[in-house]
Structures are given as C-alpha cells and as structure tokens.
$ cat data.txt   # compact mmCIF, C-alpha atoms
# COMPACT_ATOMS: atom_id res chain seq x y z
CA MET A 1 62.83 29.81 82.13
CA LYS A 2 63.92 29.29 85.72
CA ILE A 3 64.76 32.58 87.46
CA THR A 4 66.17 33.25 90.93
CA HIS A 5 66.27 36.63 92.65
CA LEU A 6 68.85 37.14 95.39
CA THR A 7 68.96 39.64 98.26
CA SER A 8 70.87 39.71 101.53
CA VAL A 9 69.46 43.07 102.64
CA HIS A 10 65.82 43.45 101.61
CA THR A 11 62.74 41.89 103.19
CA ARG A 12 61.10 38.90 101.52
CA TYR A 13 58.01 40.90 100.56
CA ASP A 14 59.95 43.94 99.37
CA ASP A 15 57.65 45.97 97.15
CA ARG A 16 60.13 46.22 94.25
CA ILE A 17 61.66 42.75 94.39
CA PHE A 18 58.74 40.54 95.39
CA LEU A 19 55.51 42.46 94.75
CA LYS A 20 56.60 43.88 91.40
CA GLU A 21 59.48 42.07 89.70
CA CYS A 22 59.01 38.52 90.99
CA LYS A 23 55.23 38.60 90.60
CA SER A 24 55.40 40.13 87.13
CA LEU A 25 57.77 37.42 85.96
CA TYR A 26 55.70 34.64 87.55
CA ASN A 27 52.48 36.00 86.05
CA ASN A 28 54.12 35.89 82.63
CA GLY A 29 55.02 32.22 82.79
CA TYR A 30 58.47 32.16 84.38
CA GLU A 31 59.43 29.83 87.24
CA VAL A 32 60.54 32.23 89.96
CA SER A 33 62.34 31.78 93.27
CA LEU A 34 63.74 34.27 95.75
CA ILE A 35 66.65 33.84 98.18
CA VAL A 36 66.53 35.99 101.34
CA ALA A 37 68.34 36.25 104.67
CA ASP A 38 65.71 37.04 107.29
CA GLY A 39 65.47 33.91 109.48
CA LYS A 40 61.75 33.41 108.77
CA GLY A 41 62.12 30.08 106.97
CA ASP A 42 61.25 28.81 103.52
CA GLU A 43 57.79 29.26 102.03
CA ASN A 44 55.83 29.26 98.79
CA LYS A 45 54.05 32.60 98.41
CA ASP A 46 51.77 33.35 95.45
CA GLY A 47 53.58 30.72 93.37
CA ILE A 48 57.05 32.10 94.17
CA LYS A 49 59.41 29.85 96.13
CA ILE A 50 61.19 31.74 98.91
CA TYR A 51 64.39 30.25 100.32
CA ASP A 52 65.78 31.59 103.61
CA VAL A 53 69.47 31.18 104.53
CA GLY A 54 68.98 32.47 108.10
CA LYS A 55 69.35 35.87 109.73
CA PRO A 56 72.81 37.38 110.32
CA LYS A 57 73.60 38.94 113.70
CA ASN A 58 75.14 42.05 112.22
CA ARG A 59 76.30 43.69 108.98
CA ILE A 60 79.80 42.16 109.11
CA GLU A 61 78.43 38.61 109.47
CA ARG A 62 75.95 39.29 106.68
CA ILE A 63 78.68 40.34 104.26
CA LEU A 64 81.36 37.81 105.21
CA LYS A 65 79.27 34.73 105.99
CA PHE A 66 75.77 35.01 104.59
CA THR A 67 76.74 36.01 101.07
CA LYS A 68 78.45 32.58 100.90
CA LYS A 69 75.24 30.93 102.11
CA ILE A 70 73.26 32.74 99.43
CA TYR A 71 75.74 31.58 96.78
CA LYS A 72 75.48 27.97 97.97
CA LYS A 73 71.68 28.08 97.85
CA ALA A 74 71.79 29.71 94.41
CA ILE A 75 73.90 26.82 93.09
CA GLU A 76 71.46 24.29 94.57
CA ILE A 77 68.53 25.91 92.76
CA ASN A 78 70.40 25.80 89.42
CA ALA A 79 68.44 28.55 87.67
CA LYS A 80 68.93 29.86 84.15
CA VAL A 81 68.94 33.54 85.21
CA TYR A 82 70.12 35.07 88.50
CA HIS A 83 68.89 38.56 89.32
CA PHE A 84 70.60 40.10 92.37
CA HIS A 85 69.72 43.32 94.19
CA ASP A 86 72.54 44.27 96.57
CA PRO A 87 76.05 45.63 95.84
CA GLU A 88 77.53 43.19 98.36
CA LEU A 89 76.35 40.34 96.12
CA ILE A 90 78.41 41.48 93.12
CA PRO A 91 81.14 38.84 93.83
CA ILE A 92 78.42 36.17 93.80
CA GLY A 93 77.14 37.52 90.49
CA LEU A 94 80.61 37.18 88.99
CA LYS A 95 80.93 33.60 90.27
CA LEU A 96 77.57 32.66 88.79
CA LYS A 97 78.60 34.24 85.49
CA LYS A 98 81.70 32.04 85.42
CA LEU A 99 79.40 29.03 85.70
CA GLY A 100 77.71 30.09 82.47
CA LYS A 101 74.60 31.58 84.04
CA ASN A 102 72.79 34.71 82.88
CA VAL A 103 73.26 37.35 85.57
CA ILE A 104 71.46 40.67 86.11
CA PHE A 105 72.42 43.36 88.62
CA ASP A 106 69.47 45.46 89.79
CA SER A 107 70.96 48.72 91.09
CA HIS A 108 68.32 50.31 93.32
CA GLU A 109 70.51 53.30 94.22
CA ASP A 110 73.56 55.11 92.92
CA VAL A 111 75.88 53.52 95.49
CA THR A 112 78.85 55.75 94.72
CA LYS A 113 76.75 58.76 95.76
CA GLN A 114 75.02 56.90 98.57
CA ILE A 115 78.40 56.19 100.19
CA LEU A 116 79.15 59.92 100.27
CA SER A 117 76.08 60.42 102.50
CA LYS A 118 77.26 58.08 105.27
CA PRO A 119 77.61 60.05 108.53
CA TYR A 120 80.14 57.83 110.30
CA LEU A 121 83.30 58.51 108.23
CA ASN A 122 85.14 61.71 107.36
CA LYS A 123 85.07 63.17 103.85
CA PHE A 124 88.48 61.80 102.83
CA PHE A 125 87.57 58.18 103.62
CA LEU A 126 84.11 58.56 102.09
CA ASN A 127 85.64 59.72 98.80
CA LEU A 128 88.21 56.92 98.96
CA ILE A 129 85.57 54.23 99.50
CA SER A 130 83.26 55.74 96.89
CA ASN A 131 86.02 55.79 94.27
CA PHE A 132 87.06 52.22 95.07
CA TYR A 133 83.48 51.00 94.78
CA ALA A 134 83.04 52.87 91.47
CA PHE A 135 86.13 51.12 90.07
CA TYR A 136 84.95 47.69 91.21
CA GLU A 137 81.37 48.26 90.01
CA ASN A 138 82.69 49.31 86.60
CA TYR A 139 84.88 46.19 86.37
CA ALA A 140 82.09 43.82 87.42
CA CYS A 141 79.19 45.27 85.45
CA LYS A 142 81.09 44.89 82.17
CA LYS A 143 81.03 41.13 82.71
CA LEU A 144 77.33 40.77 83.56
CA ASP A 145 74.54 40.11 81.07
CA ALA A 146 72.39 43.09 82.00
CA ILE A 147 72.01 45.99 84.40
CA ILE A 148 68.68 47.33 85.69
CA VAL A 149 68.54 50.78 87.29
CA ALA A 150 65.65 52.02 89.39
CA ASN A 151 66.12 55.67 88.42
CA PRO A 152 66.50 57.08 84.90
CA SER A 153 69.18 59.47 86.19
CA SER A 154 71.57 56.49 86.53
CA ILE A 155 71.08 54.98 83.11
CA ASN A 156 73.71 56.95 81.19
CA LYS A 157 76.37 56.04 83.73
CA PHE A 158 75.67 52.30 83.33
CA LEU A 159 75.18 52.41 79.56
CA LYS A 160 78.82 53.46 79.28
CA ILE A 161 79.75 50.29 81.17
CA ASN A 162 77.20 47.80 79.80
CA LYS A 163 75.10 48.52 76.70
CA ASN A 164 72.43 46.09 77.94
CA THR A 165 71.17 48.51 80.60
CA VAL A 166 67.52 49.42 81.12
CA ASP A 167 65.72 51.67 83.60
CA VAL A 168 62.84 49.96 85.40
CA CYS A 169 61.44 52.56 87.77
CA ASN A 170 59.87 51.63 91.07
CA PHE A 171 56.50 53.17 90.29
CA PRO A 172 53.25 52.16 92.08
CA LEU A 173 51.15 49.10 91.35
CA LEU A 174 47.88 50.54 90.11
CA GLU A 175 45.78 47.75 91.63
CA GLU A 176 47.01 48.70 95.11
CA PHE A 177 45.70 52.23 94.80
CA MET A 178 42.56 51.76 92.70
CA GLN A 179 40.71 50.99 95.93
CA ILE A 180 41.27 54.59 97.08
CA ASP A 181 38.45 56.80 95.84
CA PHE A 182 38.38 60.54 96.30
CA ASP A 183 35.70 61.51 98.81
CA PRO A 184 34.97 65.28 98.77
CA ASN A 185 32.87 64.95 101.94
CA LEU A 186 35.64 63.38 104.03
CA LYS A 187 37.15 66.03 106.30
CA LYS A 188 40.90 65.46 106.64
CA SER A 189 43.65 67.71 107.92
CA ASP A 190 46.38 65.26 108.95
CA ILE A 191 49.64 64.93 107.06
CA CYS A 192 51.62 61.73 106.58
CA TYR A 193 55.12 60.43 106.07
CA ILE A 194 55.70 56.73 105.38
CA GLY A 195 59.15 55.23 104.93
CA GLY A 196 62.54 54.84 106.58
CA ILE A 197 63.02 57.32 109.42
CA SER A 198 66.47 58.89 109.54
CA LYS A 199 68.19 62.26 109.85
CA ILE A 200 68.99 62.45 106.16
CA ARG A 201 65.34 61.73 105.36
CA GLY A 202 64.46 64.93 107.17
CA ILE A 203 62.64 63.56 110.22
CA GLU A 204 63.92 66.29 112.56
CA GLN A 205 62.77 69.15 110.31
CA THR A 206 59.43 67.41 109.67
CA ILE A 207 58.71 67.04 113.39
CA LYS A 208 59.82 70.61 114.17
CA SER A 209 57.49 71.98 111.46
CA LEU A 210 54.58 70.87 113.67
CA LYS A 211 55.48 73.69 116.08
CA PHE A 212 53.96 76.11 113.58
CA LEU A 213 50.84 73.97 112.95
CA PRO A 214 48.76 73.93 116.14
CA ASP A 215 45.85 71.86 114.82
CA ILE A 216 47.72 69.37 112.60
CA LYS A 217 48.73 65.78 113.36
CA LEU A 218 51.45 63.81 111.58
CA ASN A 219 50.70 60.18 110.71
CA LEU A 220 54.18 58.61 110.80
CA ALA A 221 55.02 55.02 109.81
CA GLY A 222 58.38 53.31 109.41
CA ASN A 223 61.42 52.14 111.34
CA PHE A 224 63.88 54.51 112.97
CA GLU A 225 67.46 54.02 111.75
CA SER A 226 68.68 53.80 115.37
CA GLU A 227 67.46 53.80 118.96
CA GLU A 228 69.52 56.93 119.54
CA LEU A 229 67.60 58.84 116.87
CA LYS A 230 64.28 57.48 118.11
CA ASN A 231 65.03 58.63 121.66
CA TYR A 232 65.96 62.11 120.43
CA ILE A 233 62.95 62.57 118.13
CA THR A 234 60.44 61.29 120.70
CA SER A 235 61.88 63.71 123.27
CA LEU A 236 60.98 66.74 121.11
CA PRO A 237 57.92 68.68 122.37
CA GLU A 238 56.26 68.37 118.94
CA TRP A 239 56.20 64.56 119.27
CA GLU A 240 52.87 64.79 121.11
CA LYS A 241 51.33 65.75 117.76
CA VAL A 242 52.50 62.53 116.08
CA ASN A 243 50.51 59.34 115.51
CA TYR A 244 53.36 56.82 115.28
CA TYR A 245 52.57 53.39 113.80
CA GLY A 246 56.02 51.79 113.54
CA TYR A 247 56.69 49.51 110.58
CA VAL A 248 53.43 48.64 108.82
CA ASP A 249 52.32 46.29 106.06
CA ARG A 250 50.94 47.42 102.70
CA ASN A 251 47.31 47.35 103.88
CA LYS A 252 48.12 49.69 106.75
CA VAL A 253 50.05 51.97 104.38
CA ILE A 254 46.88 52.38 102.31
CA GLU A 255 44.79 53.00 105.44
CA ILE A 256 47.15 55.73 106.69
CA ILE A 257 47.21 57.43 103.31
CA LYS A 258 43.40 57.32 103.07
CA ASN A 259 43.16 59.14 106.41
CA SER A 260 45.62 61.90 105.49
CA MET A 261 45.25 65.06 103.43
CA ILE A 262 48.89 65.68 102.43
CA GLY A 263 51.89 63.43 101.78
CA LEU A 264 55.36 64.57 102.88
CA SER A 265 58.74 63.62 101.41
CA THR A 266 61.22 66.28 102.50
CA LEU A 267 64.49 64.38 102.30
CA LEU A 268 67.72 66.32 102.83
CA PRO A 269 70.02 67.34 99.94
CA THR A 270 72.48 64.43 99.93
CA PRO A 271 74.23 63.45 96.65
CA ASN A 272 72.05 60.34 96.32
CA TYR A 273 68.67 61.97 96.99
CA LEU A 274 69.36 64.79 94.54
CA ILE A 275 69.17 62.29 91.65
CA ASN A 276 66.68 59.75 93.01
CA ILE A 277 62.94 60.17 93.49
CA PRO A 278 61.41 58.13 96.37
CA ILE A 279 58.56 55.76 95.54
CA LYS A 280 56.43 57.33 98.26
CA ILE A 281 55.97 60.52 96.23
CA PHE A 282 54.29 58.50 93.48
CA GLU A 283 52.24 56.53 96.00
CA TYR A 284 50.93 59.79 97.47
CA MET A 285 50.11 60.97 93.95
CA ALA A 286 48.31 57.70 93.19
CA SER A 287 46.22 58.24 96.33
CA TRP A 288 44.89 61.71 95.40
CA LEU A 289 47.20 63.43 97.93
CA PRO A 290 48.95 66.70 97.11
CA VAL A 291 52.66 66.32 97.80
CA ILE A 292 55.11 68.46 99.75
CA ALA A 293 58.57 67.51 98.53
CA SER A 294 62.18 68.69 98.65
CA ASP A 295 63.03 71.44 96.20
CA PHE A 296 65.54 69.50 94.10
CA PRO A 297 65.59 70.02 90.30
CA LEU A 298 64.54 66.44 89.46
CA TRP A 299 61.82 66.39 92.12
CA ARG A 300 60.54 69.82 91.05
CA GLU A 301 60.23 68.53 87.49
CA ILE A 302 57.85 65.80 88.71
CA VAL A 303 55.91 67.63 91.42
CA GLU A 304 55.55 71.12 89.99
CA GLY A 305 55.73 69.88 86.39
CA ASN A 306 52.53 67.93 87.01
CA ASN A 307 51.10 70.61 89.34
CA CYS A 308 50.55 68.03 92.05
CA GLY A 309 52.23 69.66 95.04
CA ILE A 310 54.67 72.18 96.47
CA CYS A 311 58.47 71.98 96.66
CA VAL A 312 60.18 73.42 99.75
CA ASN A 313 63.58 73.80 101.34
CA PRO A 314 63.76 70.56 103.39
CA LEU A 315 66.15 72.16 105.88
CA ASP A 316 63.62 74.82 106.93
CA PRO A 317 60.79 73.60 109.25
CA LYS A 318 58.98 76.92 108.93
CA GLU A 319 58.87 76.69 105.13
CA ILE A 320 57.57 73.12 105.36
CA ALA A 321 54.86 74.32 107.76
CA LYS A 322 53.87 77.21 105.46
CA ALA A 323 53.36 74.81 102.55
CA ILE A 324 51.21 72.52 104.70
CA GLU A 325 49.19 75.50 105.99
CA TYR A 326 48.66 76.81 102.44
CA LEU A 327 47.20 73.51 101.20
CA ILE A 328 44.92 73.18 104.22
CA GLU A 329 43.67 76.75 103.81
CA HIS A 330 43.12 76.25 100.06
CA PRO A 331 41.24 72.91 99.87
CA ASP A 332 40.05 73.40 96.30
CA GLU A 333 43.60 73.91 95.06
CA ALA A 334 44.82 70.98 97.16
CA ARG A 335 42.10 68.79 95.66
CA LYS A 336 43.09 69.82 92.14
CA MET A 337 46.73 68.98 92.87
CA GLY A 338 45.61 65.57 94.14
CA GLU A 339 43.63 64.99 90.95
CA ASN A 340 46.62 65.99 88.82
CA GLY A 341 48.89 63.59 90.68
CA ARG A 342 46.45 60.72 90.31
CA LYS A 343 46.12 61.41 86.58
CA ALA A 344 49.91 61.50 86.12
CA VAL A 345 50.32 58.12 87.82
CA LEU A 346 47.52 56.54 85.79
CA GLU A 347 49.10 57.77 82.56
CA LYS A 348 52.87 57.62 83.20
CA TYR A 349 54.23 56.75 86.62
CA ASN A 350 52.94 53.21 87.16
CA TRP A 351 54.37 49.70 87.37
CA GLN A 352 52.32 48.42 84.43
CA ASN A 353 54.45 50.59 82.13
CA GLU A 354 57.71 49.59 83.80
CA GLU A 355 56.80 45.89 83.73
CA LYS A 356 56.95 45.96 79.92
CA LYS A 357 60.61 47.01 80.05
CA LEU A 358 61.43 44.24 82.54
CA LEU A 359 59.77 41.57 80.40
CA LYS A 360 61.45 42.86 77.24
CA LEU A 361 64.84 42.52 78.92
CA TYR A 362 64.12 38.94 79.99
CA TYR A 363 62.86 38.11 76.50
CA LYS A 364 66.22 39.29 75.10
CA LEU A 365 68.08 37.06 77.54
$ encode --input "data.txt" --output "structure tokens"
Amino acid sequence: MKITHLTSVHTRYDDRIFLKECKSLYNNGYEVSLIVADGKGDENKDGIKIYDVGKPKNRIERILKFTKKIYKKAIEINAKVYHFHDPELIPIGLKLKKLGKNVIFDSHEDVTKQILSKPYLNKFFLNLISNFYAFYENYACKKLDAIIVANPSSINKFLKINKNTVDVCNFPLLEEFMQIDFDPNLKKSDICYIGGISKIRGIEQTIKSLKFLPDIKLNLAGNFESEELKNYITSLPEWEKVNYYGYVDRNKVIEIIKNSMIGLSTLLPTPNYLINIPIKIFEYMASWLPVIASDFPLWREIVEGNNCGICVNPLDPKEIAKAIEYLIEHPDEARKMGENGRKAVLEKYNWQNEEKKLLKLYYKL
C-alpha cells in the first residue's frame, strides 16, 4: 500500500511523524512518502521519500498558499492512503476524500482547547474561534476514514464523531534510550528541560526557581517562541546558571539527559496542558531521571502513580526549587524514582506498544 503523510507545520524529522509513524509503516512493508514545507529540498531518508514544497515566509502564506502546494504534490504522488497532521490541512483531507482516497487525520493536540490558550486575543474572540473550529472539525471528521489522537483524553470526544478513532500515544522509542545505562558512580546535580520554550511552558518560573538553588545548573535546550521572550529570559539574573544549547538533534537530547540528574516539565495550567502529557516526561522516565512535573490530575496519575517523581505547583518557583532540592538531598530516593520510571516505560509507555495500534488501523483500511 502506498501511503503519504502530509504536514505544513512540523519538521521533516519530527519524532512522531517521521521517526515513529513513517518508519513503523515502512518497516512493515508499506511504501511511505512524506510531504513537508521547510525549504530543504527533496530527499530519500531511511527508505522514506520526502517531498518539499518550499518554505513559507509567514503563517498567513503557509495557510493560504502552501496548503495548495501540498495538495498539488499529494495528487502527483497518487497514494492509496493520506495521513495528515495539521488542522489547517483539513480542507485538503476533504478534497482527497472526494477523490476516493483513504484519509486519516492525526490530531496531535486538542485544538479547541489549544486555541483558548493563545495570548494574543481576548477571551470573547478565543471562545468564538474555538467554537467555530469545533463545529468545522466535527463536520470534517465525520467524512474521513479514521482519526488518530495522540492523547487518550481526546478519544471519547472523537469517537462520538467518528467510530474509527484510535489513540496512538507519542511514547518513547525504546531503542533510543536503551543506550542510557544507570551509573551509580556518576555524580550529577544538574537539572534539564528540553522542548519548546514559551511562557505557557513555564520557562519564567523554571528560571526563577534557580534563585533558591545556589549550586544547581539548568541544562536548557529548545527554541524560544519569540525574540522578545528570549531577550526577557536572558536578562534575568538567574540566567547565568543556565547552560543553553538552542535547538538540538536527537543525539544531543540523549547527551543532555545523560548529564542531568532531574528532568523538569512544569508547564502552566492551560486548558490544553491539563489534558495532555508531554512526551518529554516519558523520555525522562526512560532515561532513569526522576521527574518534576506540574500538579495536574492526569500528570499526577502518571508521575506519582508510578512513584517516579514529584508534582508541584508550576506557578510557584519556590515550590519547584524545593522539589529539586529534596531529590538532590535524597539521592537514594531519587534513584529509586528513576528506576520506577524506567520500568514503567519498558512495560507500558513505549512506542512499540503504540505501533501495534497504528498498524492495526492501517490493516483495517
């Protein structure tokens, strides 16, 4: 079966789209291609054909012009199944469906709740846009062949719209983290955060927690959401205690984690984050790191339910610092939490388990 994945937003080597879904399908005998919009040109990577439609100058051009380019390239490829990953590609999915193709929408986030977290519109307009999107998403998803959700919390919502809905969680690839062995003799006291850097991901509170931790460094990797935020965060006095790496590849991610003692994910309580668990929490767990995470009910169920970390109020830098200090002052307990997290990933929270659900869905199609 000839399969094409489509994204206008994500990078060509996105860990969910390329490293997990595309590779899993290719390794199980499917002919797989991926359409992206990054301006880096076409290539054949690990047997997967990547087609580039160019890089848009801004978000408006991406939505108005480059979605059409992606549709044109999709028609040229003439696949049996089209699997798209961005809400802005829903109109393309409907067009492909009219041509008799099998079409899957992979919903990485609950977009209706994600819209409510946008800082640049007032509450009235956010609710208006969110409700409009919910209506359109409902209309479109009824017509598609299948829906994939990245978080189990979204599955009931989509099952009411399309009975052919499955949750395929973005859990770690075990082979990436098997190379990390626990070394009891390695002295580590640094903490790490890896991922997108934004206000709603708690970067300000994370940096300010360092004020209460005189001997601790933060290993920070990822892109800032804006130059304005970057200028503000780097102007804070605590910034001198940060090792900043910028955006890094997967090998560097592993290296940073190996040189850290604790993994942080203290995202702020937005509607979307309350129901979604970031992949980084599971990657920390896979790497023997105890986790300090936001004290949301769903997150607490994972972190404290597996006794692999501490949940804190993400709005309180002092509480974040106290949790970090506790784990550093109680290394045996921290090590046990790391072992529990690793065990939970090996048994439950891994891509090998999720891959089976993806392949089962494609087999049905």
$ closest_atom_pairs --input "data.txt" --of "range 76-136 of chain A" --to "range 31-37 of chain A" --cutoff "12 Å" --atoms "all atoms listed in the file" --output "CSV"
residue,atom,partner,partner_atom,distance
A:Glu76,CA,A:Ile35,CA,11.3
A:Ile77,CA,A:Ser33,CA,8.5
A:Asn78,CA,A:Ser33,CA,10.7
A:Ala79,CA,A:Ser33,CA,8.9
A:Lys80,CA,A:Glu31,CA,10.0
A:Val81,CA,A:Val32,CA,9.7
A:Tyr82,CA,A:Leu34,CA,9.7
A:His83,CA,A:Leu34,CA,9.3
A:Phe84,CA,A:Ile35,CA,9.4
A:His85,CA,A:Val36,CA,10.7
A:Asp86,CA,A:Val36,CA,11.3
A:Leu89,CA,A:Ile35,CA,11.9
$ atom_distance --input "data.txt" --atom1 "CA of Asp215 in chain A" --atom2 "CA of Ile203 in chain A"
19.3 Å
$ closest_atom_pairs --input "data.txt" --of "range 153-227 of chain A" --to "range 311-326 of chain A" --cutoff "9 Å" --atoms "only C-alpha atoms" --output "Markdown table"
| residue | atom | partner | partner_atom | distance |
| --- | --- | --- | --- | --- |
| A:Ile191 | CA | A:Ile324 | CA | 8.1 |
| A:Gly202 | CA | A:Pro314 | CA | 6.8 |
| A:Glu204 | CA | A:Pro317 | CA | 8.6 |
| A:Gln205 | CA | A:Pro317 | CA | 5.0 |
| A:Thr206 | CA | A:Pro317 | CA | 6.4 |
| A:Ile207 | CA | A:Pro317 | CA | 8.0 |
| A:Lys208 | CA | A:Pro317 | CA | 5.8 |
| A:Ser209 | CA | A:Pro317 | CA | 4.3 |
| A:Leu210 | CA | A:Ala321 | CA | 6.8 |
| A:Lys211 | CA | A:Ala321 | CA | 8.4 |
| A:Phe212 | CA | A:Ala321 | CA | 6.2 |
| A:Leu213 | CA | A:Ala321 | CA | 6.6 |
$ closest_residue --input "data.txt" --among "A:Glu228, A:Glu43, A:Glu355, A:Glu347" --to "Cys169 in chain A" --atoms "only C-alpha atoms"
A:Glu355
$ residues_near_point --input "data.txt" --point "(56.1, 48.3, 116.8)" --cutoff "10 Å" --atoms "only C-alpha atoms" --output "list in words"
Ala221, Gly222, Asn223, Tyr244, Tyr245, Gly246, Tyr247 and Val248 of chain A
$ closest_residue --input "data.txt" --among "A:Asn127, A:Thr7, A:Asn28, A:Asn350" --to "Arg62 in chain A" --atoms "all atoms listed in the file"
A:Thr7
$ residues_around --input "data.txt" --residues "range 11-22 of chain A" --least-positions-apart "6" --cutoff "10 Å" --atoms "all atoms listed in the file" --output "NGL selection string"
:A and (3-5 or 30-38 or 40 or 45-48 or 50-52 or 83-85 or 106 or 108 or 150 or 168-173 or 249-250 or 279 or 351-352 or 354-355 or 358-359)
$ atom_distance --input "data.txt" --atom1 "CA of Phe158 in chain A" --atom2 "CA of Cys141 in chain A"
8.1 Å
$ residues_around --input "data.txt" --residues "range 114-118 of chain A" --least-positions-apart "5" --cutoff "12 Å" --atoms "only C-alpha atoms" --output "VMD selection string"
chain A and resid 87 107 to 109 123 to 134 198 to 201 268 to 276
$ write_last_selection --input "data.txt" --atoms "C-alpha atoms" --output "mmCIF file, in the frame of the given file"
data_model
loop_
_atom_site.group_PDB
_atom_site.id
_atom_site.type_symbol
_atom_site.label_atom_id
_atom_site.label_comp_id
_atom_site.auth_asym_id
_atom_site.auth_seq_id
_atom_site.Cartn_x
_atom_site.Cartn_y
_atom_site.Cartn_z
ATOM 1 C CA PRO A 87 76.050 45.630 95.840
ATOM 2 C CA SER A 107 70.960 48.720 91.090
ATOM 3 C CA HIS A 108 68.320 50.310 93.320
ATOM 4 C CA GLU A 109 70.510 53.300 94.220
ATOM 5 C CA LYS A 123 85.070 63.170 103.850
ATOM 6 C CA PHE A 124 88.480 61.800 102.830
ATOM 7 C CA PHE A 125 87.570 58.180 103.620
ATOM 8 C CA LEU A 126 84.110 58.560 102.090
ATOM 9 C CA ASN A 127 85.640 59.720 98.800
ATOM 10 C CA LEU A 128 88.210 56.920 98.960
ATOM 11 C CA ILE A 129 85.570 54.230 99.500
ATOM 12 C CA SER A 130 83.260 55.740 96.890
ATOM 13 C CA ASN A 131 86.020 55.790 94.270
ATOM 14 C CA PHE A 132 87.060 52.220 95.070
ATOM 15 C CA TYR A 133 83.480 51.000 94.780
ATOM 16 C CA ALA A 134 83.040 52.870 91.470
ATOM 17 C CA SER A 198 66.470 58.890 109.540
ATOM 18 C CA LYS A 199 68.190 62.260 109.850
ATOM 19 C CA ILE A 200 68.990 62.450 106.160
ATOM 20 C CA ARG A 201 65.340 61.730 105.360
ATOM 21 C CA LEU A 268 67.720 66.320 102.830
ATOM 22 C CA PRO A 269 70.020 67.340 99.940
ATOM 23 C CA THR A 270 72.480 64.430 99.930
ATOM 24 C CA PRO A 271 74.230 63.450 96.650
ATOM 25 C CA ASN A 272 72.050 60.340 96.320
ATOM 26 C CA TYR A 273 68.670 61.970 96.990
ATOM 27 C CA LEU A 274 69.360 64.790 94.540
ATOM 28 C CA ILE A 275 69.170 62.290 91.650
ATOM 29 C CA ASN A 276 66.680 59.750 93.010
#
$ atom_distance --input "data.txt" --atom1 "CA of Trp239 in chain A" --atom2 "CA of Ile292 in chain A"
19.9 Å
$ residues_around --input "data.txt" --residues "Asp145 in chain A" --least-positions-apart "5" --cutoff "8 Å" --atoms "all atoms listed in the file" --output "ChimeraX atom specification"
/A:102-104,164,365
$ closest_residue --input "data.txt" --among "A:Val166, A:Pro91, A:Phe66, A:Phe105" --to "Lys357 in chain A" --atoms "only C-alpha atoms"
A:Val166
$ closest_residue --input "data.txt" --among "A:Tyr349, A:Tyr139, A:Tyr71, A:Tyr193" --to "Val291 in chain A" --atoms "only C-alpha atoms"
A:Tyr193
$ residues_near_point --input "data.txt" --point "(44.5, 72.7, 102.4)" --cutoff "12 Å" --atoms "only C-alpha atoms" --output "VMD selection string"
chain A and resid 187 to 191 216 260 to 263 289 to 292 309 to 310 321 to 338
$ write_last_selection --input "data.txt" --atoms "C-alpha atoms" --output "tab-separated table (two decimals), keeping the file's coordinate frame"
chain	number	residue	atom	x	y	z
A	187	LYS	CA	37.15	66.03	106.30
A	188	LYS	CA	40.90	65.46	106.64
A	189	SER	CA	43.65	67.71	107.92
A	190	ASP	CA	46.38	65.26	108.95
A	191	ILE	CA	49.64	64.93	107.06
A	216	ILE	CA	47.72	69.37	112.60
A	260	SER	CA	45.62	61.90	105.49
A	261	MET	CA	45.25	65.06	103.43
A	262	ILE	CA	48.89	65.68	102.43
A	263	GLY	CA	51.89	63.43	101.78
A	289	LEU	CA	47.20	63.43	97.93
A	290	PRO	CA	48.95	66.70	97.11
A	291	VAL	CA	52.66	66.32	97.80
A	292	ILE	CA	55.11	68.46	99.75
A	309	GLY	CA	52.23	69.66	95.04
A	310	ILE	CA	54.67	72.18	96.47
A	321	ALA	CA	54.86	74.32	107.76
A	322	LYS	CA	53.87	77.21	105.46
A	323	ALA	CA	53.36	74.81	102.55
A	324	ILE	CA	51.21	72.52	104.70
A	325	GLU	CA	49.19	75.50	105.99
A	326	TYR	CA	48.66	76.81	102.44
A	327	LEU	CA	47.20	73.51	101.20
A	328	ILE	CA	44.92	73.18	104.22
A	329	GLU	CA	43.67	76.75	103.81
A	330	HIS	CA	43.12	76.25	100.06
A	331	PRO	CA	41.24	72.91	99.87
A	332	ASP	CA	40.05	73.40	96.30
A	333	GLU	CA	43.60	73.91	95.06
A	334	ALA	CA	44.82	70.98	97.16
A	335	ARG	CA	42.10	68.79	95.66
A	336	LYS	CA	43.09	69.82	92.14
A	337	MET	CA	46.73	68.98	92.87
A	338	GLY	CA	45.61	65.57	94.14
